[in-house]
Structure formats: structure tokens, C-alpha cells
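Engineer: Supplied structure: model-v4.txt, compact mmCIF, C-alpha atoms and all ligand atoms.
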```txt
# COMPACT_ATOMS: atom_id res chain seq x y z
CA MET A 1 -15.62 -24.84 -2.64
CA GLU A 2 -15.97 -21.05 -2.60
CA VAL A 3 -12.88 -18.86 -2.36
CA HIS A 4 -13.58 -15.30 -1.29
CA PHE A 5 -11.23 -12.51 -2.24
CA PHE A 6 -11.11 -10.93 1.18
CA PRO A 7 -12.99 -12.00 4.34
CA TYR A 8 -14.17 -8.68 5.83
CA LYS A 9 -16.57 -10.19 8.39
CA GLU A 10 -14.14 -12.80 9.61
CA LEU A 11 -11.62 -10.10 10.55
CA TYR A 12 -13.96 -9.38 13.43
CA LEU A 13 -15.72 -12.71 13.98
CA ASN A 14 -12.49 -14.74 14.24
CA ASP A 15 -11.20 -12.56 17.07
CA LYS A 16 -14.48 -11.33 18.54
CA LEU A 17 -13.75 -11.90 22.22
CA ASN A 18 -10.45 -10.02 22.26
CA LEU A 19 -11.83 -7.22 20.11
CA THR A 20 -14.94 -6.64 22.23
CA ASN A 21 -12.62 -6.41 25.22
CA VAL A 22 -10.61 -3.73 23.40
CA PHE A 23 -13.79 -1.76 22.54
CA ASP A 24 -15.12 -2.04 26.06
CA GLU A 25 -11.88 -1.01 27.71
CA VAL A 26 -11.35 2.03 25.45
CA LEU A 27 -14.95 3.25 25.44
CA SER A 28 -15.32 2.79 29.20
CA ARG A 29 -12.36 5.13 29.63
CA GLY A 30 -14.04 7.72 27.39
CA ALA A 31 -10.83 7.78 25.36
CA PHE A 32 -11.93 8.91 21.91
CA ILE A 33 -9.39 11.33 20.42
CA LEU A 34 -5.56 11.34 20.68
CA GLN A 35 -5.40 9.31 23.88
CA LYS A 36 -2.81 6.83 25.13
CA ASP A 37 -3.84 4.20 22.56
CA CYS A 38 -2.70 6.53 19.76
CA ASP A 39 0.59 7.18 21.59
CA GLU A 40 1.14 3.48 22.18
CA PHE A 41 0.40 2.53 18.61
CA GLU A 42 2.79 5.22 17.36
CA GLU A 43 5.48 3.96 19.75
CA ASN A 44 4.95 0.30 18.74
CA SER A 45 4.98 1.15 15.03
CA LYS A 46 8.18 3.14 15.48
CA LYS A 47 9.87 0.12 17.03
CA PHE A 48 8.44 -2.25 14.46
CA LEU A 49 9.61 -0.14 11.51
CA ASN A 50 12.78 1.15 13.13
CA CYS A 51 12.13 4.80 12.29
CA SER A 52 12.54 7.92 14.39
CA ASP A 53 8.90 8.96 14.30
CA PHE A 54 5.51 7.53 13.40
CA ILE A 55 2.48 9.84 13.38
CA THR A 56 -1.07 8.49 13.12
CA VAL A 57 -3.46 10.36 10.80
CA ALA A 58 -7.00 9.92 9.48
CA ASN A 59 -6.20 7.90 6.34
CA GLY A 60 -3.50 7.07 3.79
CA THR A 61 -4.43 9.85 1.39
CA ASP A 62 -4.14 12.47 4.13
CA ALA A 63 -0.77 10.98 5.05
CA LEU A 64 0.50 11.84 1.54
CA ILE A 65 -1.12 15.28 1.51
CA LEU A 66 0.39 16.17 4.89
CA LEU A 67 3.82 14.93 3.82
CA LEU A 68 3.72 17.03 0.64
CA ARG A 69 2.57 20.08 2.62
CA ALA A 70 5.20 19.59 5.28
CA ALA A 71 7.80 19.39 2.50
CA GLY A 72 6.56 22.74 1.21
CA ILE A 73 5.32 21.38 -2.11
CA GLY A 74 2.43 23.22 -3.75
CA ASN A 75 1.49 25.62 -6.53
CA GLY A 76 3.90 25.70 -9.46
CA ASP A 77 5.76 22.55 -8.39
CA GLU A 78 5.83 19.24 -10.22
CA VAL A 79 5.67 15.82 -8.58
CA ILE A 80 6.54 12.61 -10.44
CA ILE A 81 4.44 9.56 -9.61
CA PRO A 82 3.93 6.24 -11.40
CA SER A 83 0.70 5.87 -13.38
CA HIS A 84 0.54 2.36 -11.93
CA THR A 85 -1.03 3.43 -8.64
CA TYR A 86 -4.31 4.19 -6.95
CA ILE A 87 -5.93 7.52 -7.83
CA ALA A 88 -5.26 8.64 -4.24
CA THR A 89 -1.55 9.14 -5.00
CA ALA A 90 -2.43 11.58 -7.78
CA ALA A 91 -5.20 13.17 -5.69
CA ALA A 92 -2.69 14.01 -2.96
CA VAL A 93 -0.53 15.89 -5.49
CA HIS A 94 -3.62 17.56 -6.95
CA TYR A 95 -4.86 18.78 -3.57
CA VAL A 96 -1.60 20.48 -2.65
CA GLY A 97 -1.86 22.35 -5.96
CA ALA A 98 1.14 20.76 -7.66
CA LYS A 99 1.32 19.30 -11.17
CA ILE A 100 1.07 15.52 -11.59
CA VAL A 101 3.76 14.02 -13.85
CA LEU A 102 3.24 10.36 -14.69
CA ALA A 103 5.99 7.77 -15.13
CA ASP A 104 5.95 4.31 -16.71
CA ILE A 105 6.86 1.07 -14.94
CA GLY A 106 9.92 -1.15 -15.17
CA ILE A 107 10.34 -4.93 -15.02
CA ASP A 108 9.21 -5.02 -11.40
CA LYS A 109 5.95 -3.28 -12.48
CA LEU A 110 6.83 -0.37 -10.18
CA ILE A 111 8.02 3.15 -11.12
CA ASN A 112 10.95 2.80 -13.51
CA PRO A 113 13.98 4.80 -12.29
CA LYS A 114 15.33 4.80 -15.87
CA VAL A 115 12.54 7.07 -17.16
CA LEU A 116 12.77 9.64 -14.37
CA GLU A 117 15.52 11.89 -15.72
CA ASP A 118 13.49 12.54 -18.89
CA LEU A 119 10.55 13.73 -16.80
CA ILE A 120 12.50 16.11 -14.59
CA THR A 121 12.14 19.84 -15.32
CA GLU A 122 13.14 22.99 -13.43
CA LYS A 123 9.82 22.79 -11.60
CA THR A 124 10.22 19.22 -10.36
CA LYS A 125 10.33 19.14 -6.56
CA CYS A 126 9.53 15.60 -5.60
CA ILE A 127 9.44 11.96 -6.71
CA MET A 128 6.77 9.82 -5.10
CA PRO A 129 7.52 6.14 -5.65
CA VAL A 130 4.62 3.79 -4.84
CA HIS A 131 5.38 0.41 -3.26
CA VAL A 132 2.49 -1.36 -4.95
CA ASN A 133 1.40 -4.70 -3.49
CA GLY A 134 3.89 -4.43 -0.63
CA ARG A 135 7.08 -4.54 -2.68
CA ILE A 136 9.52 -1.66 -2.33
CA CYS A 137 10.67 0.14 -5.50
CA ASP A 138 14.29 0.27 -6.64
CA MET A 139 15.16 2.84 -3.96
CA ASP A 140 18.93 2.93 -4.59
CA GLU A 141 18.39 4.28 -8.09
CA ILE A 142 15.54 6.60 -7.08
CA LEU A 143 17.57 8.09 -4.22
CA LYS A 144 20.54 8.66 -6.55
CA ILE A 145 18.36 10.67 -8.93
CA GLY A 146 16.76 12.53 -6.04
CA GLU A 147 20.19 13.54 -4.80
CA LYS A 148 21.47 14.54 -8.23
CA TYR A 149 18.53 16.89 -8.88
CA ASN A 150 17.92 17.90 -5.27
CA LEU A 151 14.39 16.44 -5.12
CA SER A 152 12.40 15.32 -2.09
CA ILE A 153 11.52 11.64 -2.00
CA ILE A 154 8.15 10.94 -0.44
CA GLU A 155 7.02 7.31 -0.49
CA ASP A 156 3.47 6.15 -1.04
CA ALA A 157 3.83 3.20 1.32
CA ALA A 158 0.05 2.78 1.71
CA GLN A 159 0.41 -0.89 0.77
CA ALA A 160 3.77 -1.51 2.38
CA PHE A 161 3.61 -1.34 6.19
CA GLY A 162 6.56 -3.50 7.26
CA ALA A 163 7.94 -4.16 3.76
CA LYS A 164 11.73 -3.88 3.57
CA TYR A 165 14.46 -3.13 1.05
CA LYS A 166 18.03 -3.96 2.06
CA GLY A 167 16.83 -4.22 5.66
CA LYS A 168 15.15 -0.81 5.76
CA SER A 169 11.40 -0.32 6.15
CA ALA A 170 9.14 1.38 3.63
CA GLY A 171 8.88 5.06 4.45
CA THR A 172 12.42 5.43 5.79
CA PHE A 173 14.26 6.23 2.57
CA GLY A 174 13.50 9.89 1.96
CA LEU A 175 11.51 12.56 3.78
CA GLY A 176 8.87 10.09 4.81
CA GLY A 177 6.16 7.68 3.73
CA GLY A 178 2.39 7.44 3.98
CA ILE A 179 0.71 4.28 5.28
CA SER A 180 -2.94 3.25 4.97
CA PHE A 181 -4.82 1.20 7.56
CA TYR A 182 -7.91 0.78 5.35
CA PRO A 183 -9.58 -2.52 6.36
CA ALA A 184 -8.27 -4.53 3.38
CA LYS A 185 -4.68 -3.32 3.76
CA VAL A 186 -2.14 -5.72 5.32
CA LEU A 187 -2.67 -4.06 8.69
CA GLY A 188 -6.24 -2.82 8.60
CA CYS A 189 -8.46 -1.18 11.18
CA PHE A 190 -12.27 -1.20 11.24
CA GLY A 191 -12.73 1.99 9.26
CA ASP A 192 -10.30 4.52 7.84
CA GLY A 193 -6.85 5.08 9.26
CA GLY A 194 -3.38 6.16 8.24
CA GLY A 195 0.13 6.84 9.44
CA ILE A 196 3.29 8.71 8.51
CA VAL A 197 6.75 7.18 8.79
CA THR A 198 9.64 9.62 8.97
CA ASN A 199 13.22 10.00 10.13
CA ASP A 200 13.12 13.76 9.68
CA LYS A 201 12.54 15.74 12.89
CA THR A 202 11.40 18.92 11.11
CA ILE A 203 8.86 17.04 9.00
CA SER A 204 7.49 15.17 11.99
CA LYS A 205 7.09 18.36 14.01
CA LYS A 206 5.19 20.04 11.17
CA ILE A 207 2.96 17.02 10.65
CA ARG A 208 2.02 16.77 14.33
CA LEU A 209 0.76 20.36 14.07
CA LEU A 210 -0.89 19.90 10.66
CA ARG A 211 -2.94 16.85 11.68
CA ASP A 212 -4.51 18.58 14.72
CA HIS A 213 -5.62 22.09 13.72
CA GLY A 214 -2.09 23.44 13.99
CA ARG A 215 -2.07 22.93 17.76
CA ASP A 216 0.97 21.92 19.78
CA GLU A 217 0.92 19.63 22.82
CA ASN A 218 -0.31 22.53 25.00
CA GLY A 219 -3.21 23.24 22.65
CA GLU A 220 -1.62 26.45 21.38
CA VAL A 221 -2.17 27.17 17.68
CA LYS A 222 1.20 27.41 15.90
CA SER A 223 0.25 27.06 12.24
CA TRP A 224 -2.72 26.42 9.97
CA GLY A 225 -3.80 22.83 10.30
CA LEU A 226 -6.44 20.28 9.44
CA ASN A 227 -8.35 17.68 11.33
CA SER A 228 -6.62 14.49 10.30
CA ARG A 229 -6.46 12.48 13.50
CA LEU A 230 -6.72 8.71 13.75
CA ASP A 231 -9.66 7.72 16.00
CA ASN A 232 -8.32 6.49 19.29
CA LEU A 233 -10.55 3.41 19.11
CA GLN A 234 -9.00 2.50 15.75
CA ALA A 235 -5.54 3.00 17.26
CA ALA A 236 -6.44 0.55 20.04
CA ILE A 237 -7.62 -2.00 17.45
CA LEU A 238 -4.42 -1.54 15.46
CA ASN A 239 -2.33 -1.93 18.61
CA HIS A 240 -4.07 -5.21 19.28
CA LYS A 241 -3.66 -6.41 15.67
CA LEU A 242 -0.01 -5.40 15.48
CA LYS A 243 0.85 -8.17 17.98
CA ASN A 244 -0.12 -10.85 15.50
CA PHE A 245 1.03 -8.93 12.42
CA PRO A 246 4.47 -10.56 11.91
CA LYS A 247 2.74 -13.96 11.86
CA GLU A 248 0.23 -12.70 9.32
CA ILE A 249 3.03 -11.46 7.08
CA SER A 250 4.76 -14.85 7.31
CA ARG A 251 1.52 -16.49 6.25
CA ARG A 252 1.09 -14.08 3.33
CA ARG A 253 4.64 -14.86 2.20
CA GLN A 254 3.97 -18.57 2.53
CA ILE A 255 0.81 -18.29 0.42
CA ALA A 256 2.73 -16.33 -2.23
CA GLU A 257 5.31 -19.09 -2.34
CA ILE A 258 2.65 -21.78 -2.77
CA TYR A 259 1.13 -19.81 -5.66
CA TYR A 260 4.57 -19.24 -7.13
CA GLU A 261 5.58 -22.90 -6.99
CA GLY A 262 2.20 -24.08 -8.22
CA LEU A 263 1.99 -21.69 -11.15
CA LYS A 264 5.58 -21.14 -12.27
CA ASN A 265 5.28 -23.60 -15.14
CA CYS A 266 1.81 -22.50 -16.22
CA LYS A 267 2.20 -21.22 -19.78
CA GLY A 268 -0.71 -18.74 -19.63
CA ILE A 269 0.96 -16.67 -16.95
CA THR A 270 3.30 -14.01 -18.27
CA TYR A 271 4.34 -12.40 -14.99
CA MET A 272 4.35 -13.29 -11.31
CA PRO A 273 5.66 -11.38 -8.33
CA PHE A 274 9.31 -12.07 -7.63
CA PHE A 275 10.24 -14.74 -5.21
CA GLU A 276 13.58 -16.21 -6.11
CA ASP A 277 15.47 -12.92 -6.14
CA ASP A 278 13.96 -11.91 -2.85
CA LYS A 279 17.36 -11.27 -1.20
CA GLN A 280 17.21 -7.48 -1.08
CA ASN A 281 13.44 -7.09 -0.94
CA PHE A 282 11.26 -8.34 1.89
CA ASP A 283 7.81 -8.26 0.28
CA ILE A 284 4.72 -8.35 2.44
CA PHE A 285 2.29 -9.38 -0.31
CA GLN A 286 -0.51 -6.89 0.19
CA ASN A 287 -1.74 -8.54 -3.01
CA PHE A 288 -0.69 -11.44 -5.22
CA GLU A 289 -0.99 -9.90 -8.64
CA ILE A 290 -0.05 -11.70 -11.83
CA CYS A 291 -0.23 -11.00 -15.56
CA CYS A 292 -1.73 -13.55 -17.88
CA LYS A 293 -3.12 -14.28 -21.33
CA ASP A 294 -6.90 -13.86 -21.92
CA ARG A 295 -7.21 -12.15 -18.56
CA ASP A 296 -10.96 -11.44 -18.74
CA GLN A 297 -11.78 -14.97 -19.84
CA LEU A 298 -9.67 -16.41 -17.02
CA LYS A 299 -11.48 -14.17 -14.54
CA ASP A 300 -14.86 -15.41 -15.82
CA PHE A 301 -13.73 -19.03 -15.64
CA LEU A 302 -12.53 -18.63 -12.06
CA PHE A 303 -15.78 -16.85 -11.14
CA GLN A 304 -17.79 -19.76 -12.55
CA ASN A 305 -15.75 -21.96 -10.24
CA ASN A 306 -16.57 -19.78 -7.21
CA ILE A 307 -13.14 -18.16 -7.07
CA LYS A 308 -13.27 -14.39 -6.59
CA THR A 309 -10.51 -12.31 -8.13
CA ILE A 310 -10.09 -8.58 -8.63
CA ILE A 311 -8.79 -6.42 -11.45
CA GLN A 312 -7.06 -3.70 -9.48
CA TRP A 313 -8.41 -0.14 -9.69
CA ALA A 314 -11.12 -1.22 -12.14
CA GLY A 315 -8.35 -1.96 -14.65
CA MET A 316 -7.40 1.72 -15.02
CA PRO A 317 -4.05 3.34 -14.45
CA VAL A 318 -4.02 7.01 -13.45
CA HIS A 319 -3.26 8.32 -16.96
CA GLN A 320 -6.42 6.72 -18.32
CA SER A 321 -8.65 8.57 -15.87
CA ASN A 322 -10.16 11.60 -17.53
CA LEU A 323 -9.60 14.06 -14.73
CA PRO A 324 -8.40 17.65 -14.94
CA GLY A 325 -4.67 17.79 -14.31
CA ILE A 326 -4.03 14.31 -15.70
CA ASN A 327 -2.10 14.10 -18.95
CA SER A 328 -4.09 11.39 -20.68
CA GLN A 329 -1.71 11.66 -23.66
CA SER A 330 1.13 10.24 -21.57
CA MET A 331 2.94 7.51 -23.48
CA LEU A 332 3.17 4.71 -20.96
CA PRO A 333 3.11 1.48 -22.98
CA LYS A 334 4.35 -0.79 -20.18
CA THR A 335 1.65 0.47 -17.82
CA ASP A 336 -1.04 0.04 -20.52
CA LYS A 337 0.10 -3.52 -21.16
CA PHE A 338 0.15 -4.30 -17.45
CA PHE A 339 -3.44 -3.16 -16.95
CA ASN A 340 -4.52 -5.29 -19.91
CA ASP A 341 -3.12 -8.44 -18.37
CA CYS A 342 -3.25 -8.04 -14.58
CA ILE A 343 -5.39 -9.95 -12.12
CA MET A 344 -5.17 -10.38 -8.35
CA LEU A 345 -5.64 -13.80 -6.76
CA PRO A 346 -7.04 -14.20 -3.24
CA ILE A 347 -4.40 -13.70 -0.55
CA HIS A 348 -5.08 -13.06 3.14
CA PRO A 349 -3.91 -14.69 6.36
CA LEU A 350 -7.10 -16.76 6.79
CA LEU A 351 -6.81 -18.41 3.35
CA LEU A 352 -6.45 -22.20 3.64
CA ASP A 353 -3.94 -24.36 1.76
CA LYS A 354 -6.76 -26.31 0.13
CA GLU A 355 -8.25 -23.05 -1.16
CA ILE A 356 -4.90 -21.91 -2.59
CA ASN A 357 -4.43 -25.28 -4.26
CA PHE A 358 -7.95 -25.11 -5.69
CA VAL A 359 -7.15 -21.72 -7.27
CA ILE A 360 -3.90 -23.10 -8.73
CA GLU A 361 -5.66 -26.19 -10.06
CA LYS A 362 -8.36 -24.13 -11.80
CA ILE A 363 -5.85 -21.74 -13.41
CA ILE A 364 -3.84 -24.68 -14.74
CA GLU A 365 -7.08 -26.29 -15.96
CA TYR A 366 -8.04 -23.09 -17.80
CA TYR A 367 -4.78 -22.84 -19.72
CA ALA A 368 -4.69 -26.59 -20.49
CA LYS A 369 -7.87 -26.17 -22.55
C1 LIG B 1 -4.99 2.55 -0.20
C2 LIG B 1 -4.05 3.39 -0.94
C3 LIG B 1 -3.97 4.79 -0.75
C4 LIG B 1 -4.96 5.56 0.06
O1 LIG B 1 -5.15 5.15 1.35
P1 LIG B 1 -6.54 5.52 2.08
O2 LIG B 1 -6.29 5.09 3.50
O3 LIG B 1 -7.62 4.73 1.42
O4 LIG B 1 -6.74 6.98 1.97
C5 LIG B 1 -2.98 5.49 -1.42
N1 LIG B 1 -2.13 4.88 -2.26
C6 LIG B 1 -2.18 3.55 -2.48
C7 LIG B 1 -1.17 2.93 -3.39
C8 LIG B 1 -3.15 2.76 -1.85
O5 LIG B 1 -3.21 1.46 -2.11
```
Using C-alpha cells, write down the structure that the file contains.
Ligand SMILES: *Cc1c(COP(=O)(O)O)cnc(C)c1O
Structural biologist:
Amino acid sequence: MEVHFFPYKELYLNDKLNLTNVFDEVLSRGAFILQKDCDEFEENSKKFLNCSDFITVANGTDALILLLRAAGIGNGDEVIIPSHTYIATAAAVHYVGAKIVLADIGIDKLINPKVLEDLITEKTKCIMPVHVNGRICDMDEILKIGEKYNLSIIEDAAQAFGAKYKGKSAGTFGLGGGISFYPAKVLGCFGDGGGIVTNDKTISKKIRLLRDHGRDENGEVKSWGLNSRLDNLQAAILNHKLKNFPKEISRRRQIAEIYYEGLKNCKGITYMPFFEDDKQNFDIFQNFEICCKDRDQLKDFLFQNNIKTIIQWAGMPVHQSNLPGINSQSMLPKTDKFFNDCIMLPIHPLLLDKEINFVIEKIIEYYAK
């Protein structure tokens, strides 16, 4: 048996007939940029997430940059992000000219609200929690701190389209959230794509201008802007895929539960995503990431058994990247430990039960040695 990490080709091949119909219909209309498919996808996402506006943009990184810009964050300001994130979170802060301040993680492996107050200075303007792997951060605590110090909360929800915390969707807690539709994300298009969730009318108005050269609906230039539009063809694909998305999330959650049940007594595993205390969080399992002993050896053993796994972000948190503007002296022991031990197991809606069970069996076999 061979277990792939993510089946890129099958995303198309398994639904080829419907997808070629979508391509043909959109291209035959000559509908390439900001056409009805974009509007429809924005409308459908708004309903799905229960937010007051959803704006499609070119990619998840742009979504964060535009949110920061719309919030007026730039030169001289500081933004707190977790070091446990993709470099794109930090890049967004870098490209608006603000200073990146890195926070350690808590028991949920997400930004730890308890360390935030120590990182806040007079220059702090924003906290950007990252809902890694499709689990929402401890938003009650983060919002409390945001309120106390008058900070904007902008969510990196790139991995969390449809994830919920106390019944509310990712992106709806503060000023807004950025979503990514990169192909391997829970809802992926066939190229790059992104979206912005917001309940703030002023922010949404600014972002609609920013993403399209500063132009309003009549084509009049009202502000400086960028070109950060989602291709209409990608919007049509996303619209099509959104129909089946709730089923795909159910399947991801089911797979996570099978892994959880199968591995909960395995002594080599030191951390697994939460399942039992899932009452306030509705996780969408963008990834199934665990921590374990002898991580590299386990990865090799699984590879020899034709099971593909991934060490996220090449095993490097943001503070270990040697880039200008990154404080590589940051003391983030929990994040360091996490990146020493973490590994992601295959999880995607097309994964079969027998493949999941094969992965479980091989992990148990490894630690029984
Ligand atoms: C994917 C991702 C991004 C960036 O999204 P792109 O669409 O690739 O620009 C940002 N943050 C996190 C946490 C991500 O996983």
C-alpha cells in the first residue's frame, strides 16, 4: 500500500466532468476578472461563515497585507504574531512596514494569550492570532487583551475556512481574517486564491478599493490600490467546490477521530490534536499534526513503508529564519520543542479507512520496537 500525503491530481481527476463544465461555461462567457462568479462566491461564503462581508483577493498573504493596511498599520507600529506559523504571516507584517513581535505557544500549540501582555509596548497596534491546522485560538482571552490595550485583532485564518469557536467562524472575532484557497488548503482552488472575512463595514469598503487599483464600482479611483483580485475562473471553481465542502469537513473530522482513537494509547506520541474537549471548538483539520519521540526516525520508518508525511514549514518556526526584521534571539522554548517533535500525518477527504488504519498500524509498530 502507498499512502500519499495529498492527492493533487485527484482533486481534478475525481471530478473531471463537472469541472470541465465549469471551465467551459465560464470561459465561453469571456468572464475572466471580477464577474458574477466572484460575486456569487463572496455571497455564498458570507452565508456559510455568517459574516457581514467576504471579499475575494489574489491569495492568503495579500489578504493579511490588505487587512493590516485597511487597519492603518504600518511604519513604527508593532504587530504580535506567534512564531508557530508560516512565514507569510510575518511577511505580511514586514510588507506593511511594521515590526514583527513573536510570541510563544500554549498547550493548544497556538499563540499563548498568557505571554501577550509582556510583549505589548506603546507601539503595539495589533495582535494577529493564527488558527494553525484549522483550530481557532483562545479568542476569549485574546479579545480581552485586545480590548484592554486598545489593539486591533486581525486573524490569520488561512488554514481555518469554516472553523468555529463558540459557534462563530474564524475571521469574525476582530477586524477581520485572511483566508487562503491555495490548492492544499481545506477549500483549495486550482492556483492561488484568497479571501477576507469581516464584520466591519469601514474595513470592507477600504479593502474593496485596495484590491482593485483603488477603484470603486463605477471605476473611479478613490485611493491608492493594488491588483489583488481573485481570478473569476478560480471563483467559479471554488463556488462549485463549496457545495461539497461541509461533507469534506465531516470526513476530515472523521479521519481525525480514527487517528485519535487508534493512537491515543501509543506511548511514542506526546501530543495529538484535541478531540474530547471539542465542545467550544469546531476544528476543520486542515492538518493532523502530532508530536512524538524520535520524530525523524519515525518519519524515515513511515517513508520506508510508503507512507508520506510532512514536517511543517521545513521544521522551522519564524524566529529561526534568519531574515531581517526577525528577532532570532526570541526565547520561545515551547515553539522550539514543538518543531523538534512535530509531524503531519496524511489527512484529506479522499483518504480511505484502510489507508488510515495502515498508518496507525505502522506508527504503533514503530514504537513497539
Ligand atoms: C497558507 C498560509 C498563508 C498564506 O496563504 P497564501 O494563499 O499561500 O498566500 C498564510 N498563513 C498561513 C498560516 C498559511 O497556512
Engineer: Could you tell me which of A:Val186, A:Ile127, A:Leu230, A:Cys292 comes closest to A:Phe6 if we count all atoms listed in the file?
Structural biologist: A:Val186
Engineer: Could you tell me, as number ranges by chain, which residues have any atom at most 12 Å from (1.6, -13.0, 8.4), counting only C-alpha atoms?
Structural biologist: A: 162-163, 186-187, 241-256, 283-286, 347-351
Engineer: Given all atoms listed in the file as the basis, pick out the residue of A:Tyr165, A:Phe274, A:Phe303, A:Tyr260 nearest to A:Tyr366.
Structural biologist: A:Phe303
Engineer: Using only C-alpha atoms and all ligand atoms, which residues have at least one atom no more than 8 Å from ligand LIG 1 (chain B)? Output them as a PyMOL selection string.
Structural biologist: chain A and resi 58-64+85-89+130-133+156-159+178-182+185+192-194
Engineer: Measuring between only C-alpha atoms, which one of A:Pro346, A:Gly176, A:Pro273, A:Gly167 shows the shortest distance to A:Ile107?
Structural biologist: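 Nearest candidate to A:Ile107 out of A:Pro346, A:Gly176, A:Pro273, A:Gly167: A:Pro273.
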Engineer: My list of candidates is A:His213, A:Ile237, A:Tyr271, A:Asp336. Which is closest to A:Asp24 when distances are computed with all atoms listed in the file?
Structural biologist: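 Under the stated criterion, the closest residue is A:Ile237.
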Engineer: Counting all atoms listed in the file, which residue out of A:Met1, A:Ile142, A:Asn306, A:Gly325 sits closest to A:Tyr95?
Structural biologist: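 Going through A:Met1, A:Ile142, A:Asn306, A:Gly325 one by one, the smallest distance to A:Tyr95 is for A:Gly325.
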Engineer: To one decimal in Å, tell me the separation between atom CA of A:Ala235 and atom CA of A:Cys38.
Structural biologist: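 Going from atom CA of A:Ala235 over to atom CA of A:Cys38, I get 5.2 Å.
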Engineer: Tell me which protein, DNA and RNA residues are within 7 Å of A:Arg211, counting only C-alpha atoms, leaving out same-chain ones fewer than 6 positions away, and put them as a list in words.
Structural biologist: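 What passes the distance filter is Val57, Gly225, Leu226, Asn227, Ser228 and Arg229 of chain A.
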Engineer: Would you kindly return, as a PDB file with C-alpha atoms, in the frame of the given file, each protein, DNA or RNA residue with an atom no farther than 12 Å from any atom of A:Gln297, considering only C-alpha atoms and excluding same-chain residues fewer than 5 positions away?
Structural biologist:
```pdb
ATOM      1  CA  GLY A 268      -0.710 -18.740 -19.630  1.00  0.00           C
ATOM      2  CA  CYS A 292      -1.730 -13.550 -17.880  1.00  0.00           C
ATOM      3  CA  LEU A 302     -12.530 -18.630 -12.060  1.00  0.00           C
ATOM      4  CA  PHE A 303     -15.780 -16.850 -11.140  1.00  0.00           C
ATOM      5  CA  GLN A 304     -17.790 -19.760 -12.550  1.00  0.00           C
ATOM      6  CA  ASP A 341      -3.120  -8.440 -18.370  1.00  0.00           C
ATOM      7  CA  ILE A 343      -5.390  -9.950 -12.120  1.00  0.00           C
ATOM      8  CA  ILE A 363      -5.850 -21.740 -13.410  1.00  0.00           C
ATOM      9  CA  TYR A 366      -8.040 -23.090 -17.800  1.00  0.00           C
ATOM     10  CA  TYR A 367      -4.780 -22.840 -19.720  1.00  0.00           C
TER      11      TYR A 367
END
```
Engineer: Could you extract stretch 76-90 of chain A of the given structure into a file holding N, CA and C atoms, as a PDB file, in the first residue's frame?
Structural biologist:
```pdb
ATOM      1  N   GLY A  76       6.523  52.070  12.187  1.00  0.00           N
ATOM      2  CA  GLY A  76       6.552  52.479  13.583  1.00  0.00           C
ATOM      3  C   GLY A  76       5.623  51.669  14.473  1.00  0.00           C
ATOM      4  N   ASP A  77       4.756  50.874  13.880  1.00  0.00           N
ATOM      5  CA  ASP A  77       3.822  50.061  14.679  1.00  0.00           C
ATOM      6  C   ASP A  77       4.414  48.670  14.924  1.00  0.00           C
ATOM      7  N   GLU A  78       3.909  48.035  15.976  1.00  0.00           N
ATOM      8  CA  GLU A  78       4.329  46.656  16.263  1.00  0.00           C
ATOM      9  C   GLU A  78       3.119  45.728  16.183  1.00  0.00           C
ATOM     10  N   VAL A  79       3.354  44.555  15.619  1.00  0.00           N
ATOM     11  CA  VAL A  79       2.296  43.549  15.491  1.00  0.00           C
ATOM     12  C   VAL A  79       2.787  42.256  16.123  1.00  0.00           C
ATOM     13  N   ILE A  80       1.983  41.698  17.032  1.00  0.00           N
ATOM     14  CA  ILE A  80       2.366  40.447  17.692  1.00  0.00           C
ATOM     15  C   ILE A  80       1.777  39.264  16.931  1.00  0.00           C
ATOM     16  N   ILE A  81       2.644  38.339  16.562  1.00  0.00           N
ATOM     17  CA  ILE A  81       2.203  37.102  15.901  1.00  0.00           C
ATOM     18  C   ILE A  81       2.859  35.914  16.615  1.00  0.00           C
ATOM     19  N   PRO A  82       2.314  34.714  16.460  1.00  0.00           N
ATOM     20  CA  PRO A  82       3.024  33.556  17.018  1.00  0.00           C
ATOM     21  C   PRO A  82       4.196  33.210  16.115  1.00  0.00           C
ATOM     22  N   SER A  83       5.257  32.629  16.690  1.00  0.00           N
ATOM     23  CA  SER A  83       6.355  32.147  15.851  1.00  0.00           C
ATOM     24  C   SER A  83       5.945  30.834  15.192  1.00  0.00           C
ATOM     25  N   HIS A  84       4.978  30.144  15.804  1.00  0.00           N
ATOM     26  CA  HIS A  84       4.442  28.922  15.200  1.00  0.00           C
ATOM     27  C   HIS A  84       3.449  29.316  14.109  1.00  0.00           C
ATOM     28  N   THR A  85       3.986  29.659  12.947  1.00  0.00           N
ATOM     29  CA  THR A  85       3.151  29.979  11.790  1.00  0.00           C
ATOM     30  C   THR A  85       4.002  29.907  10.539  1.00  0.00           C
ATOM     31  N   TYR A  86       3.341  30.079   9.424  1.00  0.00           N
ATOM     32  CA  TYR A  86       4.003  30.122   8.127  1.00  0.00           C
ATOM     33  C   TYR A  86       4.679  31.489   8.004  1.00  0.00           C
ATOM     34  N   ILE A  87       5.758  31.546   7.243  1.00  0.00           N
ATOM     35  CA  ILE A  87       6.497  32.799   7.073  1.00  0.00           C
ATOM     36  C   ILE A  87       5.605  33.914   6.500  1.00  0.00           C
ATOM     37  N   ALA A  88       4.529  33.519   5.806  1.00  0.00           N
ATOM     38  CA  ALA A  88       3.644  34.507   5.177  1.00  0.00           C
ATOM     39  C   ALA A  88       3.003  35.450   6.204  1.00  0.00           C
ATOM     40  N   THR A  89       2.727  34.964   7.398  1.00  0.00           N
ATOM     41  CA  THR A  89       2.143  35.812   8.443  1.00  0.00           C
ATOM     42  C   THR A  89       3.110  36.953   8.752  1.00  0.00           C
ATOM     43  N   ALA A  90       4.383  36.576   8.948  1.00  0.00           N
ATOM     44  CA  ALA A  90       5.410  37.572   9.260  1.00  0.00           C
ATOM     45  C   ALA A  90       5.658  38.479   8.060  1.00  0.00           C
TER      46      ALA A  90
END
```
